[in-house]
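entry_39.cif (mmCIF, C-alpha atoms)
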```
data_data
#
loop_
_atom_site.label_atom_id
_atom_site.label_comp_id
_atom_site.auth_asym_id
_atom_site.auth_seq_id
_atom_site.Cartn_x
_atom_site.Cartn_y
_atom_site.Cartn_z
CA MET A 1 0.00 0.00 0.00
CA GLY A 2 1.44 3.39 -1.00
CA GLU A 3 2.06 6.08 1.58
CA GLN A 4 -0.73 8.39 0.38
CA THR A 5 -3.14 5.46 0.09
CA GLN A 6 -2.39 4.50 3.68
CA ILE A 7 -2.88 8.10 4.84
CA ASN A 8 -6.24 8.21 3.05
CA SER A 9 -7.23 4.88 4.61
CA VAL A 10 -6.46 6.10 8.15
CA ARG A 11 -8.19 9.41 7.41
CA SER A 12 -11.33 7.61 6.24
CA ARG A 13 -11.34 5.39 9.32
CA LEU A 14 -10.96 8.38 11.65
CA LEU A 15 -13.81 10.18 9.87
CA ARG A 16 -16.05 7.15 10.39
CA GLU A 17 -15.06 6.92 14.05
CA MET A 18 -15.86 10.63 14.57
CA LYS A 19 -19.18 10.48 12.71
CA GLU A 20 -20.62 7.15 13.81
CA GLY A 21 -18.01 5.17 15.73
CA ALA A 22 -16.15 5.33 19.02
CA TYR A 23 -15.78 9.13 18.97
CA ARG A 24 -19.24 10.13 17.73
CA TYR A 25 -20.07 11.78 21.07
CA SER A 26 -16.57 13.06 21.83
CA GLY A 27 -15.40 16.65 21.67
CA LYS A 28 -11.78 15.62 21.21
CA LEU A 29 -9.72 12.73 19.91
CA PRO A 30 -7.51 10.82 22.38
CA PRO A 31 -3.78 11.65 22.69
CA GLU A 32 -1.72 10.59 19.68
CA GLY A 33 -0.04 7.68 21.46
CA THR A 34 -3.37 6.18 22.54
CA LEU A 35 -4.92 6.73 19.11
CA ALA A 36 -1.96 5.26 17.20
CA GLU A 37 -2.01 2.17 19.41
CA ARG A 38 -5.76 1.70 18.94
CA LEU A 39 -5.43 2.00 15.14
CA ASN A 40 -2.30 -0.18 15.13
CA ILE A 41 -0.26 2.36 13.15
CA SER A 42 2.87 4.40 13.81
CA ARG A 43 2.61 7.90 15.27
CA THR A 44 4.15 9.24 12.06
CA GLN A 45 1.38 7.69 9.98
CA LEU A 46 -1.20 9.05 12.43
CA ARG A 47 0.24 12.57 12.32
CA ASP A 48 0.13 12.61 8.51
CA SER A 49 -3.54 11.57 8.57
CA LEU A 50 -4.40 14.10 11.28
CA ALA A 51 -2.64 16.82 9.28
CA GLN A 52 -4.87 16.02 6.29
CA LEU A 53 -8.01 16.09 8.44
CA GLU A 54 -6.91 19.44 9.86
CA ARG A 55 -6.34 20.90 6.38
CA GLU A 56 -9.88 19.79 5.52
CA GLY A 57 -11.25 21.46 8.64
CA PHE A 58 -12.59 18.33 10.36
CA ILE A 59 -10.30 18.77 13.37
CA SER A 60 -8.24 21.53 14.98
CA ARG A 61 -5.03 20.84 16.90
CA HIS A 62 -3.86 23.24 19.58
CA GLN A 63 -0.88 23.02 21.91
CA GLY A 64 -2.09 22.31 25.43
CA VAL A 65 -5.67 21.73 24.26
CA GLY A 66 -5.44 18.60 22.11
CA THR A 67 -7.22 17.53 18.94
CA VAL A 68 -10.65 19.15 18.82
CA ILE A 69 -13.35 17.53 16.66
CA ASN A 70 -15.15 20.20 14.61
CA ARG A 71 -18.66 18.77 14.66
CA HIS A 72 -20.09 21.73 12.72
CA VAL A 73 -17.83 20.74 9.81
CA LEU A 74 -18.56 17.01 10.12
CA ALA A 75 -22.27 17.82 9.87
CA VAL A 76 -21.90 19.35 6.38
CA THR A 77 -23.12 16.85 3.79
CA VAL A 78 -21.67 18.30 0.55
CA ARG A 79 -18.65 20.61 0.35
CA MET A 80 -17.63 22.40 -2.84
CA ASP A 81 -14.01 22.55 -1.69
CA MET A 82 -13.67 18.76 -1.53
CA GLU A 83 -13.65 16.20 -4.33
CA ILE A 84 -16.78 14.05 -4.22
CA GLU A 85 -18.38 11.99 -6.96
CA PHE A 86 -21.88 12.86 -8.21
CA MET A 87 -23.51 9.68 -6.91
CA GLU A 88 -22.02 10.17 -3.44
CA MET A 89 -23.04 13.83 -3.51
CA ILE A 90 -26.69 13.00 -4.19
CA GLN A 91 -26.72 10.13 -1.70
CA ALA A 92 -25.19 12.37 0.98
CA SER A 93 -28.00 14.85 0.31
CA GLY A 94 -30.59 12.22 1.21
CA HIS A 95 -31.64 11.12 -2.28
CA GLU A 96 -31.35 7.94 -4.33
CA PRO A 97 -28.76 8.51 -7.09
CA GLY A 98 -28.94 7.11 -10.59
CA GLN A 99 -27.58 7.73 -14.08
CA LEU A 100 -30.41 8.78 -16.39
CA SER A 101 -28.46 9.15 -19.63
CA PHE A 102 -24.92 8.69 -20.92
CA PHE A 103 -23.00 9.58 -24.06
CA CYS A 104 -19.34 9.26 -25.08
CA ASP A 105 -17.44 9.84 -28.31
CA LEU A 106 -14.20 11.12 -29.79
CA VAL A 107 -14.97 14.56 -31.25
CA PRO A 108 -13.17 17.79 -32.24
CA ALA A 109 -12.53 19.90 -29.15
CA GLY A 110 -14.31 23.04 -30.36
CA GLU A 111 -13.48 26.57 -29.26
CA THR A 112 -14.51 26.45 -25.58
CA ALA A 113 -12.93 23.14 -24.59
CA ALA A 114 -9.81 23.93 -26.65
CA GLN A 115 -9.32 27.25 -24.87
CA HIS A 116 -9.54 25.60 -21.46
CA LEU A 117 -7.31 22.63 -22.36
CA ALA A 118 -4.72 24.69 -24.27
CA ILE A 119 -5.17 22.69 -27.47
CA SER A 120 -6.40 23.41 -31.01
CA PRO A 121 -10.18 23.43 -31.68
CA ASP A 122 -9.55 20.73 -34.30
CA ASP A 123 -7.71 18.46 -31.85
CA THR A 124 -9.61 15.35 -30.81
CA VAL A 125 -11.03 15.03 -27.32
CA LEU A 126 -12.91 12.30 -25.55
CA LYS A 127 -16.29 13.78 -24.66
CA VAL A 128 -18.36 12.12 -21.94
CA CYS A 129 -21.83 13.43 -21.05
CA ARG A 130 -23.83 12.30 -18.03
CA LEU A 131 -27.26 13.19 -16.70
CA ILE A 132 -27.44 12.17 -13.05
CA GLY A 133 -30.75 11.80 -11.26
CA ALA A 134 -31.93 12.14 -7.68
CA ASP A 135 -34.91 9.92 -6.88
CA GLY A 136 -35.37 9.44 -10.61
CA LYS A 137 -35.50 13.16 -11.46
CA PRO A 138 -32.71 15.03 -13.34
CA ALA A 139 -30.35 16.75 -10.90
CA ILE A 140 -26.88 17.16 -12.46
CA TYR A 141 -25.71 17.41 -16.06
CA CYS A 142 -21.97 17.16 -16.68
CA GLU A 143 -19.74 17.14 -19.74
CA ASP A 144 -16.14 15.87 -19.43
CA TYR A 145 -13.49 16.66 -22.05
CA ILE A 146 -10.14 14.83 -22.07
CA PRO A 147 -7.55 15.44 -24.83
CA ALA A 148 -7.28 12.21 -26.81
CA ALA A 149 -3.49 12.63 -26.83
CA LEU A 150 -3.48 11.97 -23.06
CA ILE A 151 -5.12 8.57 -23.39
CA LYS A 152 -2.29 6.03 -23.24
CA LYS A 153 -4.36 2.84 -23.25
CA LYS A 154 -6.87 2.74 -26.10
CA ASP A 155 -8.59 -0.52 -25.11
CA TYR A 156 -11.20 1.16 -22.91
CA THR A 157 -14.87 0.35 -23.24
CA GLU A 158 -18.05 2.31 -22.65
CA GLN A 159 -18.35 0.46 -19.35
CA ASP A 160 -14.99 1.91 -18.27
CA LEU A 161 -16.34 5.39 -18.99
CA GLN A 162 -19.46 4.71 -16.94
CA LYS A 163 -17.21 4.81 -13.86
CA PRO A 164 -16.18 8.13 -12.24
CA ILE A 165 -14.03 10.08 -14.71
CA PHE A 166 -11.07 10.24 -12.32
CA SER A 167 -10.94 6.44 -12.28
CA PHE A 168 -10.71 6.48 -16.07
CA LEU A 169 -7.93 9.10 -15.99
CA LYS A 170 -5.91 7.03 -13.56
CA GLN A 171 -6.39 3.71 -15.35
CA PHE A 172 -6.12 4.74 -19.00
CA CYS A 173 -4.16 8.02 -18.91
CA SER A 174 -1.92 7.35 -15.87
CA LEU A 175 -3.00 10.75 -14.59
CA GLU A 176 -4.32 12.01 -11.26
CA ALA A 177 -5.71 15.47 -10.72
CA HIS A 178 -3.44 17.57 -8.54
CA MET A 179 -5.72 20.59 -8.33
CA ASP A 180 -8.65 22.25 -10.04
CA LEU A 181 -9.85 25.77 -10.63
CA THR A 182 -13.64 26.06 -10.69
CA GLU A 183 -15.68 29.10 -11.58
CA VAL A 184 -19.08 29.15 -9.89
CA ARG A 185 -21.87 31.27 -11.34
CA PRO A 186 -25.63 31.30 -11.83
CA ALA A 187 -27.13 30.15 -15.12
CA ILE A 188 -30.56 29.72 -16.61
CA ALA A 189 -31.91 26.77 -18.52
CA ASP A 190 -31.90 27.33 -22.27
CA GLU A 191 -34.09 25.22 -24.53
CA THR A 192 -31.73 22.24 -24.46
CA LEU A 193 -31.14 22.28 -20.70
CA ALA A 194 -34.83 22.88 -19.96
CA LYS A 195 -35.73 19.77 -21.93
CA MET A 196 -32.96 17.80 -20.24
CA PHE A 197 -33.95 18.82 -16.69
CA CYS A 198 -37.71 18.72 -17.45
CA VAL A 199 -38.17 22.31 -16.26
CA PRO A 200 -39.46 25.50 -17.90
CA GLN A 201 -37.02 27.45 -20.03
CA GLY A 202 -35.39 30.18 -17.94
CA THR A 203 -35.30 28.11 -14.73
CA PRO A 204 -32.29 29.11 -12.54
CA LEU A 205 -29.42 26.62 -12.43
CA LEU A 206 -26.05 26.52 -10.67
CA TYR A 207 -23.13 26.33 -13.12
CA LEU A 208 -19.63 25.06 -12.26
CA ASP A 209 -16.87 25.48 -14.84
CA GLU A 210 -14.13 23.10 -13.65
CA LEU A 211 -10.64 22.70 -15.04
CA ASP A 212 -8.36 20.04 -13.54
CA TYR A 213 -4.56 20.12 -13.69
CA ASP A 214 -1.94 17.40 -13.26
CA LYS A 215 1.01 17.72 -10.87
CA GLU A 216 3.04 19.50 -13.57
CA GLY A 217 0.38 22.18 -13.95
CA MET A 218 -0.94 21.01 -17.32
CA PRO A 219 -4.72 21.03 -17.93
CA MET A 220 -6.02 17.48 -18.24
CA LEU A 221 -9.80 17.61 -17.81
CA TYR A 222 -12.40 20.26 -18.60
CA SER A 223 -15.73 19.66 -16.90
CA PRO A 224 -18.69 22.08 -17.22
CA GLN A 225 -21.52 21.09 -14.86
CA TYR A 226 -25.11 22.21 -14.28
CA TYR A 227 -27.07 21.61 -11.07
CA ILE A 228 -30.81 21.95 -10.53
CA GLY A 229 -31.86 23.77 -7.36
CA GLY A 230 -33.45 22.13 -4.34
CA VAL A 231 -31.49 18.87 -4.43
CA ILE A 232 -27.97 19.54 -3.15
CA GLN A 233 -26.97 22.16 -0.59
CA HIS A 234 -23.45 23.20 -1.56
CA THR A 235 -21.21 24.47 1.26
CA MET A 236 -17.67 25.80 1.02
CA LEU A 237 -15.15 25.77 3.88
CA ARG A 238 -12.53 28.52 3.89
CA MET A 239 -9.83 28.19 6.52
CA LYS A 240 -8.59 31.35 8.23
CA PHE A 241 -4.90 31.44 9.08
#
```
Here is the file; what I need is its structure written in the form of C-alpha cells.
Amino acid sequence: MGEQTQINSVRSRLLREMKEGAYRYSGKLPPEGTLAERLNISRTQLRDSLAQLEREGFISRHQGVGTVINRHVLAVTVRMDMEIEFMEMIQASGHEPGQLSFFCDLVPAGETAAQHLAISPDDTVLKVCRLIGADGKPAIYCEDYIPAALIKKKDYTEQDLQKPIFSFLKQFCSLEAHMDLTEVRPAIADETLAKMFCVPQGTPLLYLDELDYDKEGMPMLYSPQYYIGGVIQHTMLRMKF
C-alpha cells in the first residue's frame, strides 16, 4: 500500500469513528499515542492523517488543548471545496442517485474546450456526457473533455467510462488530478437544458466550470456542470490562518 493510500485509509477510518463510531459523542480525539495504538499504526502515519483532516477542517489541533473535533464541519453533507463523486453527492443529500443518460465519443474539441485545455479546436477530445438523477428526477448534467493525446491505453470500453471520470484518468491516462480551478456562477436553462432537466425554459441553475490540472500544472480535464436547485446544498469551507 502506497504512503498516500495508507494516509487516506487512516483518514477515512478516523472520519467514520468521529461520525458514527467510538468518537461520535466526543469533543476531542484521544492523545496521539493512545490513538496510534488503537489504530495499530505508527505515530508518524497518524500525524500525517491528522494533518490532512486538519487541512480539511474536520479537526483543529492546539498546543495544550489537544485535537478538537469540529462537529459543525462534520455535519456538512456536501462541500464544494472537496472532491466528491456525483452519486455520493446525491446520496449524501438524502436522495437515491442514478444515471439517467450517458454519451461518449471522440470529437473535435471546439473553441470552448480547446481554450480551457490549451489545445487546437480541431484536436480530438474524448467527450463524456452524463445526466445524473436524484430519486429518478434530473439533478446534475456534466460534460467531461479529455484530450485524446493523453489517453495512453486505447482498449477502454463504454463500461470503463461509466465509472467516475477520475478512475478512467488514472487507469487509461496514468494521470491524477493535482488541483482544479472552478468558476461558480448562476445560469438559466436554455431550450436544451430545460428539456434535459424537465423544467421551464429560464429556470435558474447553478453552473460550475471546472478545469483540472496534473502535478506539472498542465490542464487534463475540462468539466462544465449544471445543477438543478433544491437537491444539493453546496457548502464551502474557507480556513482562516
Step by step, work through what the PyMOL selection byres ((chain A and resi 212) around 12) selects in the shown file, and finish by giving those residues as number ranges by chain. A: 83, 116-117, 144-146, 165-166, 169, 175-183, 209-211, 213-224
Can you tell me, as a PDB file with C-alpha atoms, keeping the file's coordinate frame, what residues are no more than 12 Å from Gly57 in chain A when counting only C-alpha atoms, ignoring any on the same chain fewer than 3 positions away?
```pdb
ATOM      1  CA  LEU A  15     -13.810  10.180   9.870  1.00  0.00           C
ATOM      2  CA  LEU A  50      -4.400  14.100  11.280  1.00  0.00           C
ATOM      3  CA  ALA A  51      -2.640  16.820   9.280  1.00  0.00           C
ATOM      4  CA  GLN A  52      -4.870  16.020   6.290  1.00  0.00           C
ATOM      5  CA  LEU A  53      -8.010  16.090   8.440  1.00  0.00           C
ATOM      6  CA  GLU A  54      -6.910  19.440   9.860  1.00  0.00           C
ATOM      7  CA  SER A  60      -8.240  21.530  14.980  1.00  0.00           C
ATOM      8  CA  ARG A  61      -5.030  20.840  16.900  1.00  0.00           C
ATOM      9  CA  THR A  67      -7.220  17.530  18.940  1.00  0.00           C
ATOM     10  CA  VAL A  68     -10.650  19.150  18.820  1.00  0.00           C
ATOM     11  CA  ILE A  69     -13.350  17.530  16.660  1.00  0.00           C
ATOM     12  CA  ASN A  70     -15.150  20.200  14.610  1.00  0.00           C
ATOM     13  CA  ARG A  71     -18.660  18.770  14.660  1.00  0.00           C
ATOM     14  CA  HIS A  72     -20.090  21.730  12.720  1.00  0.00           C
ATOM     15  CA  VAL A  73     -17.830  20.740   9.810  1.00  0.00           C
ATOM     16  CA  LEU A  74     -18.560  17.010  10.120  1.00  0.00           C
ATOM     17  CA  ALA A  75     -22.270  17.820   9.870  1.00  0.00           C
ATOM     18  CA  VAL A  76     -21.900  19.350   6.380  1.00  0.00           C
ATOM     19  CA  ARG A  79     -18.650  20.610   0.350  1.00  0.00           C
ATOM     20  CA  ASP A  81     -14.010  22.550  -1.690  1.00  0.00           C
ATOM     21  CA  MET A  82     -13.670  18.760  -1.530  1.00  0.00           C
ATOM     22  CA  MET A 236     -17.670  25.800   1.020  1.00  0.00           C
ATOM     23  CA  LEU A 237     -15.150  25.770   3.880  1.00  0.00           C
ATOM     24  CA  ARG A 238     -12.530  28.520   3.890  1.00  0.00           C
ATOM     25  CA  MET A 239      -9.830  28.190   6.520  1.00  0.00           C
ATOM     26  CA  LYS A 240      -8.590  31.350   8.230  1.00  0.00           C
ATOM     27  CA  PHE A 241      -4.900  31.440   9.080  1.00  0.00           C
TER      28      PHE A 241
END
```
All residues 9 Å or closer to Glu111 in chain A, only C-alpha atoms, same chain fewer than 5 positions away omitted, as a ChimeraX atom specification: /A:116,120-122
Measure the distance from CA of Leu193 in chain A to CA of Lys137 in chain A in Å and round it to one decimal. 13.7 Å
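If you look at CA of Lys19 in chain A and CA of Glu32 in chain A, they are 18.8 Å away from each other.
Separating CA of Cys104 in chain A from CA of Leu161 in chain A is a distance of 7.8 Å.
Nearest residue to Pro97 in chain A among A:Ile119, A:Ala139, A:Val78, A:Ile59 is A:Ala139, counting all atoms listed in the file.
Of the residues under consideration (A:Lys195, A:Lys28, A:His234, A:Lys152), A:Lys28 shows the shortest atom-to-atom contact distance to Gly66 in chain A when counting only C-alpha atoms.
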